[in-house]
Structures are given as structure tokens and as C-alpha cells.
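Data file: data_35.cif. Format and content: mmCIF, C-alpha atoms and all ligand atoms.
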```cif
data_target
loop_
_atom_site.label_atom_id
_atom_site.label_comp_id
_atom_site.auth_asym_id
_atom_site.auth_seq_id
_atom_site.Cartn_x
_atom_site.Cartn_y
_atom_site.Cartn_z
CA MET A 1 140.22 89.07 105.34
CA ASP A 2 136.46 88.52 105.04
CA ASP A 3 135.77 89.55 101.44
CA LEU A 4 132.85 87.36 100.40
CA SER A 5 132.14 89.07 97.07
CA ILE A 6 132.81 85.92 95.02
CA PHE A 7 130.56 83.81 97.29
CA PRO A 8 126.74 83.66 97.05
CA ILE A 9 124.94 86.85 98.04
CA SER A 10 123.62 85.18 101.21
CA ALA A 11 127.12 84.18 102.42
CA SER A 12 128.11 85.39 105.88
CA ILE A 13 130.32 84.64 108.85
CA ASN A 14 128.10 83.33 111.63
CA GLN A 15 128.30 83.61 115.44
CA ASN A 16 130.70 80.62 115.58
CA GLY A 17 133.03 82.44 113.21
CA HIS A 18 132.22 79.85 110.50
CA LEU A 19 131.35 80.45 106.89
CA ALA A 20 127.59 80.19 106.26
CA VAL A 21 125.32 80.32 103.20
CA ALA A 22 121.64 81.26 103.58
CA GLY A 23 122.23 81.02 107.34
CA HIS A 24 123.47 77.39 107.15
CA ASP A 25 126.84 76.67 108.76
CA LEU A 26 129.00 75.02 106.08
CA ALA A 27 130.99 72.98 108.62
CA GLU A 28 127.76 71.51 109.97
CA LEU A 29 126.49 70.74 106.45
CA ALA A 30 129.82 69.10 105.57
CA ASN A 31 129.67 66.93 108.71
CA GLN A 32 126.05 65.98 108.10
CA TYR A 33 126.12 65.34 104.32
CA GLY A 34 129.79 64.41 103.81
CA THR A 35 132.31 65.87 101.42
CA PRO A 36 132.91 66.80 98.66
CA LEU A 37 129.63 68.68 98.95
CA TYR A 38 128.11 71.11 96.46
CA LEU A 39 125.70 73.83 97.58
CA TYR A 40 123.44 76.10 95.53
CA ASP A 41 122.08 79.30 97.03
CA GLY A 42 118.52 79.98 95.86
CA ALA A 43 118.68 83.72 96.64
CA THR A 44 121.68 84.18 94.34
CA ILE A 45 120.08 82.42 91.37
CA ARG A 46 116.83 84.36 91.76
CA ALA A 47 118.76 87.63 92.03
CA GLN A 48 120.67 86.87 88.82
CA ILE A 49 117.43 86.09 86.93
CA GLU A 50 115.80 89.26 88.30
CA ARG A 51 118.84 91.36 87.32
CA LEU A 52 118.65 90.15 83.71
CA ASN A 53 114.87 90.63 83.51
CA HIS A 54 115.22 94.13 84.94
CA LEU A 55 117.97 95.08 82.47
CA PHE A 56 116.04 93.76 79.47
CA LYS A 57 112.93 95.69 80.54
CA ARG A 58 115.07 98.78 80.61
CA TYR A 59 116.95 98.29 77.32
CA TYR A 60 114.82 96.22 74.93
CA PRO A 61 111.36 97.28 73.80
CA GLY A 62 110.43 93.88 72.30
CA GLU A 63 109.75 90.49 73.87
CA VAL A 64 112.60 88.67 75.68
CA VAL A 65 113.01 85.04 76.77
CA VAL A 66 115.84 84.15 79.14
CA ALA A 67 116.58 80.46 78.47
CA TYR A 68 119.03 78.91 80.92
CA ALA A 69 121.83 76.95 79.20
CA SER A 70 121.30 73.72 81.08
CA LYS A 71 124.75 72.31 80.27
CA ALA A 72 126.12 74.60 83.02
CA TYR A 73 124.37 72.42 85.65
CA LEU A 74 121.10 70.50 85.57
CA SER A 75 119.24 68.11 87.82
CA LEU A 76 115.55 67.28 87.77
CA GLN A 77 114.94 69.13 91.05
CA PHE A 78 116.72 72.20 89.78
CA ALA A 79 114.87 72.07 86.46
CA LYS A 80 111.55 72.05 88.34
CA LYS A 81 112.55 75.25 90.13
CA LEU A 82 113.63 76.93 86.90
CA ALA A 83 110.34 75.97 85.25
CA ASN A 84 108.45 77.49 88.22
CA TRP A 85 110.47 80.67 87.96
CA GLY A 86 109.21 81.03 84.39
CA ILE A 87 112.43 80.96 82.42
CA GLY A 88 113.23 78.98 79.28
CA LEU A 89 115.71 76.14 78.76
CA ASP A 90 118.47 75.50 76.22
CA VAL A 91 119.10 71.75 75.92
CA VAL A 92 121.66 69.73 73.95
CA SER A 93 120.81 66.06 74.40
CA LEU A 94 118.02 63.53 74.78
CA GLY A 95 118.68 63.44 78.52
CA GLU A 96 118.26 67.20 78.84
CA ILE A 97 115.10 67.12 76.66
CA GLN A 98 113.63 64.47 78.96
CA ILE A 99 114.49 66.43 82.10
CA ALA A 100 112.86 69.55 80.56
CA GLN A 101 109.71 67.53 79.85
CA ARG A 102 109.60 65.89 83.29
CA ALA A 103 110.21 69.22 85.01
CA GLY A 104 107.17 70.73 83.28
CA PHE A 105 108.75 73.32 80.96
CA PRO A 106 106.27 74.47 78.30
CA PRO A 107 107.74 73.25 74.97
CA SER A 108 107.46 76.82 73.65
CA VAL A 109 110.43 77.93 75.82
CA VAL A 110 112.75 74.98 75.17
CA HIS A 111 115.21 74.87 72.26
CA LEU A 112 117.69 72.20 71.17
CA HIS A 113 121.34 72.74 70.27
CA GLY A 114 124.12 70.39 69.20
CA ASN A 115 126.63 70.04 66.38
CA ASN A 116 125.85 66.32 65.87
CA LYS A 117 122.32 65.66 67.05
CA SER A 118 121.19 62.07 66.78
CA GLU A 119 118.02 61.05 64.95
CA ALA A 120 116.51 60.19 68.32
CA GLU A 121 117.24 63.70 69.62
CA LEU A 122 115.80 65.37 66.52
CA GLN A 123 112.73 63.13 66.64
CA ALA A 124 112.13 63.82 70.35
CA ALA A 125 112.42 67.58 69.76
CA LEU A 126 110.05 67.40 66.79
CA ASP A 127 107.51 65.25 68.67
CA GLY A 128 107.80 67.48 71.75
CA GLY A 129 106.91 70.57 69.69
CA ILE A 130 109.69 72.67 71.18
CA GLN A 131 110.33 76.33 70.37
CA ALA A 132 113.17 75.57 67.95
CA ILE A 133 115.61 72.97 66.78
CA VAL A 134 118.78 74.96 66.20
CA VAL A 135 120.15 73.57 62.94
CA ASP A 136 123.94 73.41 63.01
CA ASN A 137 125.09 72.22 59.59
CA LEU A 138 124.07 71.37 56.02
CA GLU A 139 123.83 67.63 56.63
CA GLU A 140 121.52 68.28 59.54
CA VAL A 141 119.22 70.33 57.27
CA GLU A 142 118.74 67.24 55.11
CA LEU A 143 118.44 64.83 58.02
CA LEU A 144 115.84 66.93 59.81
CA GLU A 145 113.88 67.48 56.63
CA LYS A 146 113.74 63.71 56.14
CA ILE A 147 112.57 63.15 59.72
CA ALA A 148 109.97 65.92 59.42
CA TYR A 149 108.64 64.45 56.15
CA ARG A 150 108.54 60.95 57.65
CA SER A 151 106.68 62.27 60.70
CA GLN A 152 104.47 64.57 58.60
CA LYS A 153 105.32 67.40 61.00
CA ARG A 154 106.87 70.74 60.10
CA ALA A 155 110.07 71.35 62.03
CA ARG A 156 110.31 74.71 63.76
CA ILE A 157 113.93 75.76 63.43
CA TRP A 158 116.56 78.42 63.92
CA LEU A 159 119.81 78.39 62.02
CA ARG A 160 123.03 78.61 64.04
CA ILE A 161 125.15 81.16 62.21
CA THR A 162 128.89 81.30 62.80
CA PRO A 163 129.96 84.90 62.22
CA ASP A 164 133.68 84.03 62.06
CA LEU A 165 134.67 86.22 65.01
CA SER A 166 137.30 85.47 67.65
CA VAL A 167 136.71 86.53 71.23
CA ASP A 168 139.06 87.03 74.15
CA THR A 169 138.62 83.83 76.15
CA HIS A 170 140.22 80.39 76.51
CA PRO A 171 140.51 78.68 73.07
CA HIS A 172 138.48 75.69 74.30
CA ILE A 173 135.45 77.89 74.90
CA GLN A 174 135.57 79.98 71.71
CA THR A 175 132.81 78.90 69.34
CA ALA A 176 132.36 81.44 66.53
CA HIS A 177 135.79 81.68 64.88
CA LEU A 178 136.73 80.58 61.35
CA ASP A 179 137.87 77.14 62.54
CA SER A 180 134.92 76.41 64.83
CA LYS A 181 133.11 73.07 64.69
CA PHE A 182 129.87 74.84 65.53
CA GLY A 183 127.29 76.29 63.20
CA LEU A 184 126.90 77.35 59.60
CA HIS A 185 129.80 79.62 58.70
CA LEU A 186 129.12 82.87 56.89
CA GLU A 187 132.56 82.92 55.30
CA ASN A 188 132.21 79.81 53.10
CA GLY A 189 128.61 80.33 52.00
CA GLU A 190 127.08 77.40 53.92
CA ALA A 191 124.89 79.71 56.01
CA GLU A 192 123.39 81.18 52.85
CA GLN A 193 122.87 77.76 51.29
CA ALA A 194 121.06 76.50 54.41
CA LEU A 195 118.90 79.61 54.66
CA GLN A 196 117.77 79.43 51.05
CA HIS A 197 117.05 75.71 51.35
CA CYS A 198 115.04 76.07 54.56
CA LEU A 199 113.03 79.00 53.23
CA SER A 200 111.89 76.94 50.26
CA SER A 201 111.25 73.69 52.16
CA PRO A 202 107.65 72.80 53.04
CA TRP A 203 108.99 70.83 56.05
CA MET A 204 110.96 73.62 57.69
CA GLU A 205 109.52 76.60 59.52
CA LEU A 206 112.44 79.00 59.98
CA SER A 207 111.54 81.32 62.85
CA GLY A 208 114.92 82.76 63.76
CA LEU A 209 118.67 82.99 63.74
CA HIS A 210 121.10 82.10 66.49
CA THR A 211 124.75 82.75 67.19
CA HIS A 212 126.95 81.96 70.20
CA LEU A 213 130.43 83.41 70.54
CA GLY A 214 131.88 81.44 73.43
CA SER A 215 131.99 81.58 77.19
CA GLN A 216 133.56 83.63 80.02
CA ILE A 217 133.50 86.83 77.90
CA PHE A 218 133.69 90.29 79.54
CA ASP A 219 133.64 92.51 76.43
CA SER A 220 130.31 93.28 74.78
CA GLU A 221 131.74 94.64 71.49
CA PRO A 222 132.00 91.20 69.77
CA TYR A 223 128.29 90.70 70.50
CA ARG A 224 127.48 93.95 68.66
CA MET A 225 129.58 92.83 65.68
CA ALA A 226 128.05 89.34 65.65
CA ILE A 227 124.48 90.65 65.72
CA GLU A 228 125.29 93.12 62.98
CA ARG A 229 126.77 90.35 60.78
CA VAL A 230 123.86 87.98 61.38
CA CYS A 231 121.26 90.66 60.67
CA GLU A 232 123.08 91.89 57.52
CA PHE A 233 123.12 88.29 56.34
CA ALA A 234 119.36 87.96 56.90
CA ALA A 235 118.63 91.25 55.14
CA ARG A 236 120.85 90.33 52.15
CA ASN A 237 118.76 87.19 51.78
CA ASN A 238 115.43 88.99 52.16
CA TYR A 239 114.70 87.09 55.36
CA ILE A 240 113.02 88.76 58.35
CA PRO A 241 113.80 86.81 61.56
CA SER A 242 111.05 86.85 64.15
CA GLU A 243 113.49 85.54 66.78
CA ILE A 244 117.16 86.39 67.34
CA SER A 245 119.28 84.49 69.83
CA PRO A 246 122.73 85.93 70.56
CA GLY A 247 123.55 82.93 72.78
CA GLY A 248 125.08 83.20 76.21
CA GLY A 249 128.66 83.58 77.36
CA TRP A 250 128.84 86.50 79.78
CA GLY A 251 131.71 86.00 82.22
CA VAL A 252 131.77 85.55 85.99
CA ARG A 253 134.33 86.30 88.67
CA TYR A 254 136.24 83.32 90.01
CA THR A 255 138.80 85.38 91.94
CA PRO A 256 138.79 88.96 93.28
CA GLU A 257 141.21 89.92 90.44
CA ASP A 258 138.65 89.06 87.72
CA PRO A 259 136.82 91.93 85.97
CA ASN A 260 133.43 93.25 87.04
CA ASP A 261 130.79 90.78 85.81
CA ASP A 262 127.71 92.97 85.97
CA PRO A 263 125.85 92.23 82.71
CA GLU A 264 124.54 95.77 82.11
CA GLN A 265 126.94 96.58 79.22
CA TRP A 266 126.20 93.16 77.69
CA VAL A 267 122.41 93.63 77.78
CA ARG A 268 122.64 97.25 76.63
CA THR A 269 124.89 96.30 73.69
CA LEU A 270 122.84 93.32 72.51
CA SER A 271 119.57 95.16 72.87
CA GLY A 272 120.95 98.20 71.06
CA ALA A 273 122.40 96.11 68.21
CA VAL A 274 119.14 94.23 67.60
CA GLN A 275 117.07 97.44 67.73
CA GLU A 276 119.44 99.17 65.31
CA ALA A 277 119.22 96.29 62.85
CA ALA A 278 115.43 96.20 63.09
CA ILE A 279 115.20 99.92 62.41
CA ARG A 280 117.76 99.81 59.59
CA HIS A 281 116.00 96.95 57.79
CA ASP A 282 112.49 98.02 58.69
CA TRP A 283 111.70 94.83 60.68
CA PRO A 284 109.38 94.49 63.67
CA TYR A 285 111.47 94.00 66.83
CA PRO A 286 112.33 90.29 66.93
CA ARG A 287 111.86 88.27 70.10
CA LEU A 288 115.25 88.16 71.81
CA VAL A 289 116.23 84.78 73.26
CA LEU A 290 119.23 84.83 75.57
CA GLU A 291 121.02 81.68 76.79
CA PRO A 292 123.06 82.48 79.90
CA GLY A 293 124.46 79.44 81.69
CA ARG A 294 127.54 80.32 83.70
CA TRP A 295 126.33 83.80 84.68
CA LEU A 296 123.07 82.47 86.16
CA VAL A 297 124.51 79.73 88.35
CA ALA A 298 128.28 79.97 88.89
CA ARG A 299 128.17 82.38 91.82
CA ALA A 300 125.33 80.49 93.50
CA GLY A 301 127.49 77.36 93.82
CA VAL A 302 130.01 76.54 96.53
CA ALA A 303 132.12 73.37 96.67
CA VAL A 304 133.08 72.19 100.17
CA TYR A 305 135.97 69.76 100.71
CA ARG A 306 137.63 68.19 103.73
CA VAL A 307 141.31 68.88 104.34
CA GLY A 308 143.51 65.77 104.55
CA ASN A 309 147.29 65.38 104.29
CA GLN A 310 149.72 68.27 104.03
CA LYS A 311 153.34 68.21 102.90
CA THR A 312 156.07 70.51 101.66
CA THR A 313 157.88 69.57 98.44
CA PRO A 314 161.67 69.87 98.13
CA ALA A 315 160.89 72.62 95.61
CA GLY A 316 159.30 74.56 98.46
CA ALA A 317 155.55 74.32 97.75
CA HIS A 318 153.29 73.67 100.73
CA LEU A 319 150.59 71.23 99.56
CA VAL A 320 147.17 70.90 101.17
CA SER A 321 145.25 67.82 99.96
CA ILE A 322 141.47 67.79 99.77
CA ASP A 323 139.05 64.90 99.27
CA GLY A 324 137.85 65.91 95.78
CA GLY A 325 139.33 67.65 92.76
CA LEU A 326 139.59 66.62 89.12
CA ALA A 327 136.61 64.24 89.19
CA ASP A 328 134.13 66.84 90.46
CA ASN A 329 135.86 69.86 88.92
CA PRO A 330 137.71 69.29 85.63
CA ARG A 331 137.80 73.04 84.82
CA VAL A 332 141.32 73.56 86.09
CA ALA A 333 142.70 70.74 83.94
CA LEU A 334 140.63 71.77 80.91
CA TYR A 335 140.98 75.54 80.98
CA GLN A 336 143.66 76.35 83.56
CA ALA A 337 140.79 77.92 85.53
CA ARG A 338 141.76 79.90 88.62
CA TYR A 339 139.91 79.81 91.93
CA THR A 340 140.12 81.19 95.42
CA ALA A 341 139.09 79.55 98.72
CA LYS A 342 138.21 80.12 102.37
CA VAL A 343 138.74 77.90 105.39
CA VAL A 344 135.18 77.23 106.55
CA GLU A 345 136.07 77.18 110.26
CA ARG A 346 138.23 80.36 110.16
CA PRO A 347 137.24 82.49 107.14
CA ALA A 348 138.21 85.77 108.82
CA ASP A 349 141.65 84.67 110.08
CA PRO A 350 144.68 86.35 108.48
CA PRO A 351 145.96 84.42 105.41
CA THR A 352 149.49 83.88 106.71
CA GLN A 353 150.40 80.85 104.59
CA THR A 354 150.85 80.45 100.83
CA VAL A 355 149.66 76.99 99.82
CA ARG A 356 148.78 74.85 96.81
CA ILE A 357 145.46 73.01 97.00
CA VAL A 358 145.76 69.58 95.42
CA GLY A 359 143.05 67.01 94.69
CA LYS A 360 143.09 63.32 95.59
CA PHE A 361 143.06 61.88 92.05
CA CYS A 362 145.93 60.11 90.31
CA GLU A 363 147.07 62.91 88.03
CA SER A 364 149.76 65.47 88.76
CA GLY A 365 147.46 67.93 86.98
CA ASP A 366 144.85 67.46 89.72
CA VAL A 367 145.63 70.82 91.32
CA LEU A 368 142.60 72.89 92.29
CA ILE A 369 144.46 76.09 93.18
CA GLN A 370 148.09 76.59 92.23
CA GLN A 371 148.74 79.26 94.82
CA VAL A 372 146.49 80.83 97.43
CA ASN A 373 147.05 82.62 100.73
CA LEU A 374 145.08 81.05 103.57
CA PRO A 375 145.20 80.73 107.36
CA PRO A 376 146.97 77.56 108.61
CA MET A 377 144.79 74.43 108.29
CA LYS A 378 144.68 71.06 109.97
CA ARG A 379 143.26 67.66 108.99
CA GLY A 380 139.46 67.72 109.24
CA ASP A 381 139.08 71.44 108.50
CA HIS A 382 136.91 72.29 105.51
CA LEU A 383 137.71 74.36 102.50
CA ALA A 384 135.01 76.25 100.55
CA ILE A 385 135.60 77.11 96.88
CA PRO A 386 133.26 79.82 95.59
CA ALA A 387 131.94 80.27 92.02
CA SER A 388 131.57 76.50 91.73
CA GLY A 389 128.06 76.40 90.28
CA ALA A 390 128.78 76.10 86.54
CA TYR A 391 130.51 73.47 84.38
CA GLN A 392 131.83 71.53 87.35
CA LEU A 393 129.26 68.93 88.33
CA SER A 394 127.88 68.89 84.79
CA MET A 395 131.32 67.81 83.57
CA ALA A 396 132.13 65.65 86.60
CA SER A 397 133.36 62.10 86.09
CA ASN A 398 133.82 58.88 88.03
CA TYR A 399 137.59 59.00 87.52
CA ASN A 400 139.26 56.57 89.94
CA TYR A 401 135.67 55.35 90.54
CA ALA A 402 134.95 58.45 92.56
CA ALA A 403 131.32 58.76 93.62
CA ARG A 404 129.70 62.03 92.51
CA PRO A 405 129.07 64.46 95.39
CA ALA A 406 125.78 65.30 97.07
CA VAL A 407 124.19 68.57 95.94
CA LEU A 408 122.08 70.72 98.27
CA TYR A 409 119.85 73.67 97.51
CA LEU A 410 119.78 76.23 100.30
CA GLU A 411 117.23 78.85 101.31
CA GLU A 412 117.05 80.60 104.70
CA GLY A 413 115.70 77.94 107.10
CA ARG A 414 115.39 75.25 104.41
CA ILE A 415 117.60 72.60 102.80
CA GLU A 416 116.60 70.55 99.76
CA ILE A 417 118.60 67.67 98.34
CA PHE A 418 119.11 68.25 94.61
CA GLN A 419 121.19 65.10 94.22
CA GLN A 420 122.07 62.36 96.70
CA ARG A 421 125.73 61.44 97.00
CA GLU A 422 126.38 58.60 94.57
CA ARG A 423 126.80 55.19 96.20
CA PRO A 424 130.01 53.37 95.28
CA GLU A 425 128.10 50.80 93.21
CA GLN A 426 126.52 53.62 91.18
CA SER A 427 129.95 55.00 90.36
CA GLY A 428 130.56 51.90 88.35
CA TRP A 429 132.88 49.55 90.19
CA LEU A 430 130.25 47.02 91.26
CA ALA A 431 128.54 46.89 87.87
CA TYR A 432 131.94 46.52 86.24
CA SER A 433 133.18 43.79 88.55
CA GLN A 434 129.91 41.81 88.33
CA GLU A 435 129.97 41.88 84.55
CA ASN A 436 133.52 40.60 84.52
CA GLU A 437 133.32 37.93 87.19
C1 LIG A 501 124.87 77.48 72.20
C2 LIG A 501 125.24 77.86 73.58
N1 LIG A 501 124.47 78.74 74.23
C3 LIG A 501 124.73 79.12 75.50
C4 LIG A 501 125.82 78.60 76.18
C5 LIG A 501 126.07 79.04 77.57
O1 LIG A 501 127.24 79.75 77.71
P1 LIG A 501 127.57 80.40 79.13
O2 LIG A 501 127.43 79.36 80.14
O3 LIG A 501 128.94 80.90 78.99
O4 LIG A 501 126.59 81.51 79.32
C6 LIG A 501 126.66 77.68 75.54
C7 LIG A 501 127.83 77.14 76.24
O5 LIG A 501 128.62 76.41 75.77
C8 LIG A 501 126.36 77.29 74.21
O6 LIG A 501 127.11 76.40 73.56
#
```

Would you give me this structure, written as C-alpha cells?
Amino acid sequence: MDDLSIFPISASINQNGHLAVAGHDLAELANQYGTPLYLYDGATIRAQIERLNHLFKRYYPGEVVVAYASKAYLSLQFAKKLANWGIGLDVVSLGEIQIAQRAGFPPSVVHLHGNNKSEAELQAALDGGIQAIVVDNLEEVELLEKIAYRSQKRARIWLRITPDLSVDTHPHIQTAHLDSKFGLHLENGEAEQALQHCLSSPWMELSGLHTHLGSQIFDSEPYRMAIERVCEFAARNNYIPSEISPGGGWGVRYTPEDPNDDPEQWVRTLSGAVQEAAIRHDWPYPRLVLEPGRWLVARAGVAVYRVGNQKTTPAGAHLVSIDGGLADNPRVALYQARYTAKVVERPADPPTQTVRIVGKFCESGDVLIQQVNLPPMKRGDHLAIPASGAYQLSMASNYNYAARPAVLYLEEGRIEIFQQRERPEQSGWLAYSQENE
């Protein structure tokens, strides 16, 4: 079984019969850099960006900015590459603002989200002159106005509108329903109140409207409905948005059973809905700002682990333990996420064994894959988990004082270190023990 369709586009089986990415043997990388090891394939990320740019050229006649949702995964080295590739950045914290600045993003393509931004974050965004501060709630309108007045600087803003729509995804990653903590809801009138206030404030420059429905979505219809609701709301209030951001959220395949993740229907639907609204309300085409996170980077990422102990439970499950898990990938515990895997040394061997892949952390919930068919493995083999590029390392922890993994960026014939493996003292134990001696 050598289906590599969930792996990066440059994945192959090399002359040793090992799994390779961009021509690099994953067993050799694991031996050289240690495990757990995270790899990003440059060719896959560039191909995803090109695919989106191509689709928008085809379907939207106005200007488009693709702004990567940096919460999916960000490091300074990666941010520098993204800035060179000419895309924008969606940030949500002071740390992400600072990385955007250090990486050389023009402020005009960076925007700031967050449902509880601190004064320091708002001030940094205002001082940095970014494209937009995305105002989330009525209190934030007042807070930002105060900061703008104090700084004698007009704040360029979008309003985050919650269209009160549920989407078909895990409840933890739905963001636009009636009970959501995010944004200004349409249903209870707070969106209208914020819009009217911002339009009349000398300290607010309202350049657009934003909405984000959630993540890991494969149906484009809710996007059409959300854009329609947001645009109707603007028109009812005699407001012409020069920018519309329908967020991110398009899904990716984690297993071969997942639906097709080509974003063509998504781009066609969003582009069509915005054009329709512009024509209906006699607006110039707004600039469309998209915020894909997962779709741009998930497939590019591979997590590589070393196989350790194996045992069979009295209940009959054959367990294969690996040297990572919950601390570098909390998605299974958070969202019951499903994954598949390949044995790096024998990816094409018949999968004759049904096993459970368990992590090394002190939680029974630290199970990476509940059930997967793989060839027999022995201690020291390596396991590669595809579609590991999004919301894994960015949500990683030091649970059990685990050191965060090394992260490599791969091109044909070239390896760059995005992040060094954390040293034990950086993972906290030394600092903690010194403080308490
Ligand atoms: C406002 C906003 N935009 C974009 C994204 C990116 O979503 P995804 O990674 O699913 O594309 C998120 C994710 O939480 C978000 O909150």
C-alpha cells in the first residue's frame, strides 16, 4: 500500500524503500535530528498558495489578499519565507505581531484578531499601522477609541460580524453560531450598534467587515449565506465596505476517507457571493481578504516519531508506543482528530497488523491513532504521521516537561532548521527547580 496522497506533494519511496520528502530520507533525518521531528515541505506550501492565487484570478475580478492565519503554525524563519512569497498575515497576539514585524511583512498586509485583545496588543497594532484591527466586541470599540484618542492616531478597523450560523464541524472549532464568544452578533443588535458608533467616531476608520465560520469545513454553502448576511447588514446601514474578509476554515484531509479538499468550490462560492452583493447594492468590488491557516500548511507537515515499547492489552488491542504524542499534538485529545501513518522504513509493506498508536505522556487519552493497519514494527523503527502541519506545534505544550521538537524545512537538496529542538532547561524544569531551591 503506497498511497501517499495525504503526505506532502514531494513525498516518495526512495531506492532504500524508505519514505522520503523532497528527496530526504526520513529515517536519516530522524537519526540525525532526533525525534519527535516535524518537517515542512516547501513545495507543498508554495503549491497551495499558487492554487489559491490561480483560483482567485479565475473567479474574482477585484483585488485579493491571501493572509495566512499564523495561529496554524508560526516561527520567525517561516514568517520570513511567507513575507518573501508576498502573502499577508493574520495575527492574534503581541508575539505574532512582533514576529510579523521582525520577518519584514509590510504593515498593510497584516491584521489583528482576538476576542480579548490587551491594551498592549491594540497599542502595538495601532503604532505599527497595520491593515486592520478586527474589532470583536462593544467594549473593545470603546477601549480602542480611547487608545486612538490618547495616541492621536486614527485606528484602521474591520468589524468582526457573527452571522449566527452553525457549520458542520467539531463544536470546538465552530465560531459563528448564536452562542459563540467571537464577534459582534447580528441577532442581538450589537453589530449594528458598533457599526453606527464607528462610522460616527473621528478616531475610527472603518474599512471593512470580517466574518469567520470555523475550521475544517468542506461545504461552501454556509460561506455564501454568511457573506449574504454580512453584506445585507452593511447595505441596511448604508455602509459600503471597501474590504470583505470571509475568514478561513477550508478543510484538509487527515485520512484517505476524508472528503476532497480542493478549494475550488470554496473560492468560486465566496467570489460569487461577494460579486453578487456588490452588484445588488451597487458597490465597487471590495478587496477580498482570505485567511486560510490549516489549508495552507497542514499537508506540508509530517511528524516523525520513534517506535518504542509494544504490548497487547487483555482487551485485545495491540499498542505501539511512540516517543511523542499529546505534548506535540493535542488535536486528538481536543477534537478527537483522526490520523493515518506509515512506517518510514517499510512504507510499501502490506499492512498486516491492526494497532493502536499511543503517546508517551501520562494520560490515558494520549492516543495518537485509535486504530490503524500497518506492517509489523520493531523498537527503533520510525512512524510518519502526515497532515501534521497545522494546529499541532502551535498548540504544543511542555506537559511532563517534554522538550518541544525540532522543526525542519525541506526543499530538494536543502534542509533549513525552522526551530531547534528545545533543551531540557528551556522546557522549564531547570528554571522551575532553581527558583524553588
Ligand atoms: C479569525 C480566524 N481566521 C482564520 C482562521 C484560520 O482557520 P483555518 O486554519 O481553519 O483556515 C481562524 C482559526 O481559528 C480564525 O479564528

Would you name the residues within 8 Å of ligand LIG 501 (chain A), counting only C-alpha atoms and all ligand atoms, and put them as a PyMOL selection string? chain A and resi 68-72+90+113-114+173+175+211-212+214-217+247-251+290-296+390-391

As number ranges by chain, please: the residues near Gln193 of chain A (cut-off 10 Å, all atoms listed in the file, same-chain neighbours under 6 positions excluded). A: 138, 184, 186

From the options A:Met204, A:Leu82, A:Ile49, A:Val91, which residue's atoms come nearest to Ala148 of chain A, counting all atoms listed in the file?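 Distance minimum relative to Ala148 of chain A lands on A:Met204.
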
Residue list as a PyMOL selection string for point (136.1, 83.2, 93.1), cut-off 6 Å, all atoms listed in the file: chain A and resi 6+253-255+339-340+386-387

Using all atoms listed in the file, which of A:Glu139, A:Glu121, A:Asp349, A:Asp164 sits nearest Ile227 of chain A?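 Of the candidates, the smallest distance to Ile227 of chain A is held by A:Asp164.
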
From atom CA of Arg423 of chain A to atom CA of Leu29 of chain A the spacing works out at 18.6 Å

With 8 Å as the threshold, what does the neighbourhood of (142.4, 65.6, 96.7) contain in terms of residues, counting all atoms listed in the file? Coordinates are those of the file; answer as an MDAnalysis selection string. chainID A and resid 308 321:325 358:361 366

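Counting from atom CA of Lys378 of chain A, the distance to atom CA of Tyr401 of chain A is 26.6 Å.
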
Straight-line distance linking atom CA of Ser364 of chain A with atom CA of Lys311 of chain A, stated in Å to one decimal: 14.8 Å

For Glu412 of chain A, find every residue with an atom within 8 Å (counting all atoms listed in the file), except residues of its own chain fewer than 5 positions away, and show them as number ranges by chain. A: 22-24
